[in-house]
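J.: Structure provided below as structure tokens; questions to follow.
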Amino acid sequence: MIAYTQHPIFGVITAVFIVVLVITESILREKVLRNRLTFSFINVAFFVTLIFFYEDQILTNEDLLLYYVVYIYFNYAIFLLALYQTFRNAIINGSYYQLFIKGVKNTKWNVYYVVDQKERIKDISFSLLRELNLSKDEVVGKKFLSVFNSKVRFTKMNGEAAHNRTIEKYFNDYRKTVKPNDSEIMELELQNFNGEPVMLHLNMQPLYVLGRYRGRMAVGEKRTDEELLQVEKTLKATDKELESIRHKFIATLELSDEGLFYIDLDEKTVWMNDTIIDQLNVPSHTLKVTDFRDMIHPQDLQKYLDTISNLTPSKPTYAASYRFKLDDTYIWIKEKGKRLFEDRESSVIMGTITPVHAQYFRKSNIAVLDQIKDENYLLPDLKQLIKNGRPFQLAIINLKNVPKINSEHGRDVGNMLMAQYITRLKQSFITESSDIYRLSGLEFAFTITDPRKMASLHNGVRSQENYLNMTMEYGSITAELEVFIGVAQMYDDAVNAQDLYQNAALALKTAQLPQYKGQGCFFKDIK
């Protein structure tokens, strides 16, 4: 066993190295490893004590000698582990530093320097060296201000006039007042070795090791006079572009025939263009929101306010209809708008207002109906479709309860409801080769030439009893349009245009019978 033992002095040396390695690792990790340091110092003291008992007691006792040998090799294992941990942290920190410096060099944050607690330069960027007209070897190890005072002249610090002595006093006070984790933004303006103006925008942080100030590091960007001039040009170009957009927007408001408005929810005002002023006879372009909404019919106001309050970033647009007081009567208004949630600086709603004049509807039953062909065009168009040789359908609809809607809510509502329904029919079933016709006040006919739309109509009528009905809301008024339909198909249900029309009319008549189940009938079901 004696052959495997060593004198305790070797244990003392190893234990001292362990202390050094643990202290080094604490510095690298910027954290005091208290438990490891405590063990390391106790370990040193233990081996020092063993020196006095080694020859008299340990070598003469086999049990103590065995424990001693085991512990001394355990001490070597601890040494190797501490050595591994220290080297690993040193390599990682070195890699971090190299990556950081590489990142700084490759980004706009192209200025940095590092000084120690005595203000000696430890590292500096090449972009900053160019302003000094010095090499790295000429400045590393020298005091920061002595290098800069010999080559540049400071003119401003953080926007205020300054000179070299002002900067020197600032950095002398900085070491005395700075605390760990402090961070400071600094702007320095200087004249480089050529007298050219340079601006440094720096983020400065202190370096602390084990709670003691060990220097500072500054990272930022450098702007030369040429770069500042380019920034100024860019800002001027942006200002011109914004001014151009402003004038174009004003011109659009002036020339547009649409009734345009915007509501400032913060200022609680509504602005309207000349079109709205003329149409609604309001006293001025800008009104308080409360004054404008006081002119909305009381029965429609709450519905309108609920619509506005329910706007969200995912659903920023809305459409509303309400009655608006014009002189001593009310007219119907259609309003479409959008809340600009993209604008983070203000809460704004922009949109259009279109009056719906009752007299206009009584004259032509809405604009969409002015373009509808009458029954005189139906048979000639059917014959033309027959010449193409392709199957098509003729559908005749009856807007059954429009008279009831007119009596309950007024002819204005009935006309608007009928107008929107015809628009819906056009969007759903009419293609380039088909058309819609007005047969009477409540009856319309339309052709369907697209097989997919034929199938859609058939499946819808078969699966839903009220498939063709439509519910609309105007202000506080809710009305449902009840629709009956009869359908006949060319070649299956008829051999000529006249038969096709008569069979579709017969199918419609069947659909309106009290004993018939449903609101739609296909002629093939009754022939």
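Residues in the structure tokens are numbered from 1 in each chain, the chains being A, B, ... in the order shown, and ligands are numbered from 1 in the order shown.
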What lies within 7 Å of A:Thr275 using only C-alpha atoms, ignoring chain neighbours under 3 positions off, as an MDAnalysis selection string?
T.: chainID A and resid 257:259 278:279
J.: Can you pull out the residues contacting A:Arg390? Cut-off 10 Å, using only C-alpha atoms, and skip same-chain residues under 6 positions away; I want them as a list in words.
T.: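 Non-adjacent residues within range: Thr449, Met490 and Tyr491 of chain A.
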J.: Using DSSP secondary structure from the backbone, list all alpha helix (DSSP H) positions within stretch 294-519 of chain A, as a VMD selection string.
T.: chain A and resid 298 to 309 358 to 364 367 to 370 378 to 388 402 to 409 411 to 429 451 to 463 497 to 511
J.: List the neighbours of stretch 320-333 of chain A out to 6 Å using only C-alpha atoms; skip same-chain residues closer than 4 positions along the sequence, and give me the result as a list in words.
T.: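 Returned residues: Met295, Ile296, His297, Asp300, Thr354, Pro355, Val356, Tyr474 and Gly475 of chain A.
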J.: Within 6 Å of stretch 210-221 of chain A, which residues of stretch 97-180 of chain A come that close, and what is the closest atom pair and distance in Å for each? Count only C-alpha atoms and give it as JSON lines.
T.:
```
{"residue": "A:Trp109", "atom": "CA", "partner": "A:Glu221", "partner_atom": "CA", "distance": 4.5}
{"residue": "A:Asn110", "atom": "CA", "partner": "A:Glu221", "partner_atom": "CA", "distance": 5.1}
{"residue": "A:Val111", "atom": "CA", "partner": "A:Gly220", "partner_atom": "CA", "distance": 5.1}
{"residue": "A:Tyr112", "atom": "CA", "partner": "A:Val219", "partner_atom": "CA", "distance": 4.3}
{"residue": "A:Tyr113", "atom": "CA", "partner": "A:Ala218", "partner_atom": "CA", "distance": 5.6}
{"residue": "A:Val114", "atom": "CA", "partner": "A:Met217", "partner_atom": "CA", "distance": 4.5}
{"residue": "A:Val115", "atom": "CA", "partner": "A:Gly215", "partner_atom": "CA", "distance": 5.4}
{"residue": "A:Asp116", "atom": "CA", "partner": "A:Gly215", "partner_atom": "CA", "distance": 3.9}
{"residue": "A:Gln117", "atom": "CA", "partner": "A:Gly215", "partner_atom": "CA", "distance": 4.2}
```
J.: Select, from A:Met470, A:Ser463, A:Val209, A:Tyr84, the residue with the minimum atom-to-atom distance to A:Thr423, counting only C-alpha atoms.
T.: A:Met470
J.: Write out as a list in words the set of residues from stretch 303-335 of chain A that DSSP, computed on the backbone, places in strand (DSSP E or B).
T.: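 DSSP on the backbone gives strand (DSSP E or B) at Thr312, Lys315, Thr317, Tyr318, Ala319, Ala320, Ser321, Tyr322, Arg323, Phe324, Lys325, Leu326, Thr329, Tyr330, Ile331, Trp332, Ile333, Lys334 and Glu335 of chain A.
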J.: Per residue of stretch 418-499 of chain A within 6 Å of stretch 399-404 of chain A, note the shortest atom pair and the distance in Å to one decimal, counting only C-alpha atoms, and order the rows by chain and increasing residue number, as CSV.
T.:
```
residue,atom,partner,partner_atom,distance
A:Leu442,CA,A:Leu399,CA,5.2
A:Glu482,CA,A:Lys400,CA,5.6
A:Val483,CA,A:Leu399,CA,4.8
```
J.: For a test of reading the model, state the distance in Å between atom CA of A:Val461 and atom CA of A:Arg424, rounded to one decimal.
T.: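 Spanning atom CA of A:Val461 to atom CA of A:Arg424 is a straight-line distance of 16.0 Å.
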J.: When you look at A:Val140 with a cut-off of 10 Å (counting only C-alpha atoms), what residues show up, excluding the ones that are within fewer than 5 positions of it in the same chain? I need them as a ChimeraX atom specification.
T.: /A:114-115,120-124,135,147
J.: Can you measure atom CA of A:Pro298 to atom CA of A:Ser476 for me? One decimal in Å is fine.
T.: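 Atom-to-atom, atom CA of A:Pro298 and atom CA of A:Ser476 are spaced 9.1 Å apart.
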J.: Looking at only C-alpha atoms, which of A:Ala419, A:Ala479, A:Val282, A:Ile42 is the one that sits closest to A:Asn406?
T.: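 With only C-alpha atoms as the atom set, the closest residue is A:Ala479.
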J.: Using only C-alpha atoms, determine which residues lie at most 12 Å from A:Ile405, disregarding the query and same-chain residues fewer than 4 positions distant; provide the list as a list in words.
T.: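 That gives Leu399, Lys400, Asn401, His409, Gly410, Arg411, Asp412, Val413, Gly414, Asn415, Met416, Leu417, Met418, Thr471, Met472, Ile477, Thr478, Ala479, Glu480, Leu481 and Glu482 of chain A.
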J.: Could you pull the residues within 10 Å of stretch 192-196 of chain A, counting only C-alpha atoms, minus those fewer than 6 positions along the same chain, as an mmCIF file with C-alpha atoms, in the first residue's frame?
T.:
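Heads up, here's the output in part31.cif:
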```cif
data_model
loop_
_atom_site.group_PDB
_atom_site.id
_atom_site.type_symbol
_atom_site.label_atom_id
_atom_site.label_comp_id
_atom_site.auth_asym_id
_atom_site.auth_seq_id
_atom_site.Cartn_x
_atom_site.Cartn_y
_atom_site.Cartn_z
ATOM 1 C CA LEU A 128 -13.210 53.693 -35.092
ATOM 2 C CA ARG A 130 -10.028 54.811 -39.218
ATOM 3 C CA GLU A 131 -11.324 58.012 -37.638
ATOM 4 C CA LEU A 132 -8.156 58.137 -35.485
ATOM 5 C CA ASN A 133 -5.824 57.200 -38.373
ATOM 6 C CA LEU A 134 -4.140 54.668 -36.078
ATOM 7 C CA PHE A 148 -8.616 60.274 -28.506
ATOM 8 C CA SER A 150 -4.354 63.374 -29.497
ATOM 9 C CA LYS A 151 -6.368 62.700 -32.650
ATOM 10 C CA VAL A 152 -9.942 64.055 -32.395
ATOM 11 C CA ARG A 153 -11.847 67.000 -30.975
ATOM 12 C CA PHE A 154 -15.169 66.385 -29.258
ATOM 13 C CA THR A 224 -20.233 60.386 -41.112
ATOM 14 C CA ASP A 225 -21.227 63.701 -42.616
ATOM 15 C CA GLU A 226 -21.970 61.964 -45.915
#
```
J.: Taking only C-alpha atoms into account, name the residue in A:Leu81, A:Ile349, A:Val178, A:Val487 that is nearest to A:Leu207.
T.: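 So, comparing all the options, the nearest one is A:Val178.
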J.: Residues within 9 Å of A:Lys288, please, as number ranges by chain. Count only C-alpha atoms; anything in the same chain fewer than 3 positions from it doesn't count.
T.: A: 267-271, 291-293
J.: The selected residues should be written to file as a PDB file, in the first residue's frame (atoms: C-alpha atoms).
T.:
```
ATOM      1  CA  GLU A 267     -62.152  63.835 -30.489  1.00  0.00           C
ATOM      2  CA  LYS A 268     -65.805  62.699 -30.857  1.00  0.00           C
ATOM      3  CA  THR A 269     -66.272  64.615 -34.114  1.00  0.00           C
ATOM      4  CA  VAL A 270     -67.473  63.651 -37.592  1.00  0.00           C
ATOM      5  CA  TRP A 271     -66.209  65.298 -40.789  1.00  0.00           C
ATOM      6  CA  ASP A 291     -75.188  66.130 -32.775  1.00  0.00           C
ATOM      7  CA  PHE A 292     -75.007  63.978 -35.912  1.00  0.00           C
ATOM      8  CA  ARG A 293     -76.470  60.922 -34.183  1.00  0.00           C
TER       9      ARG A 293
END
```
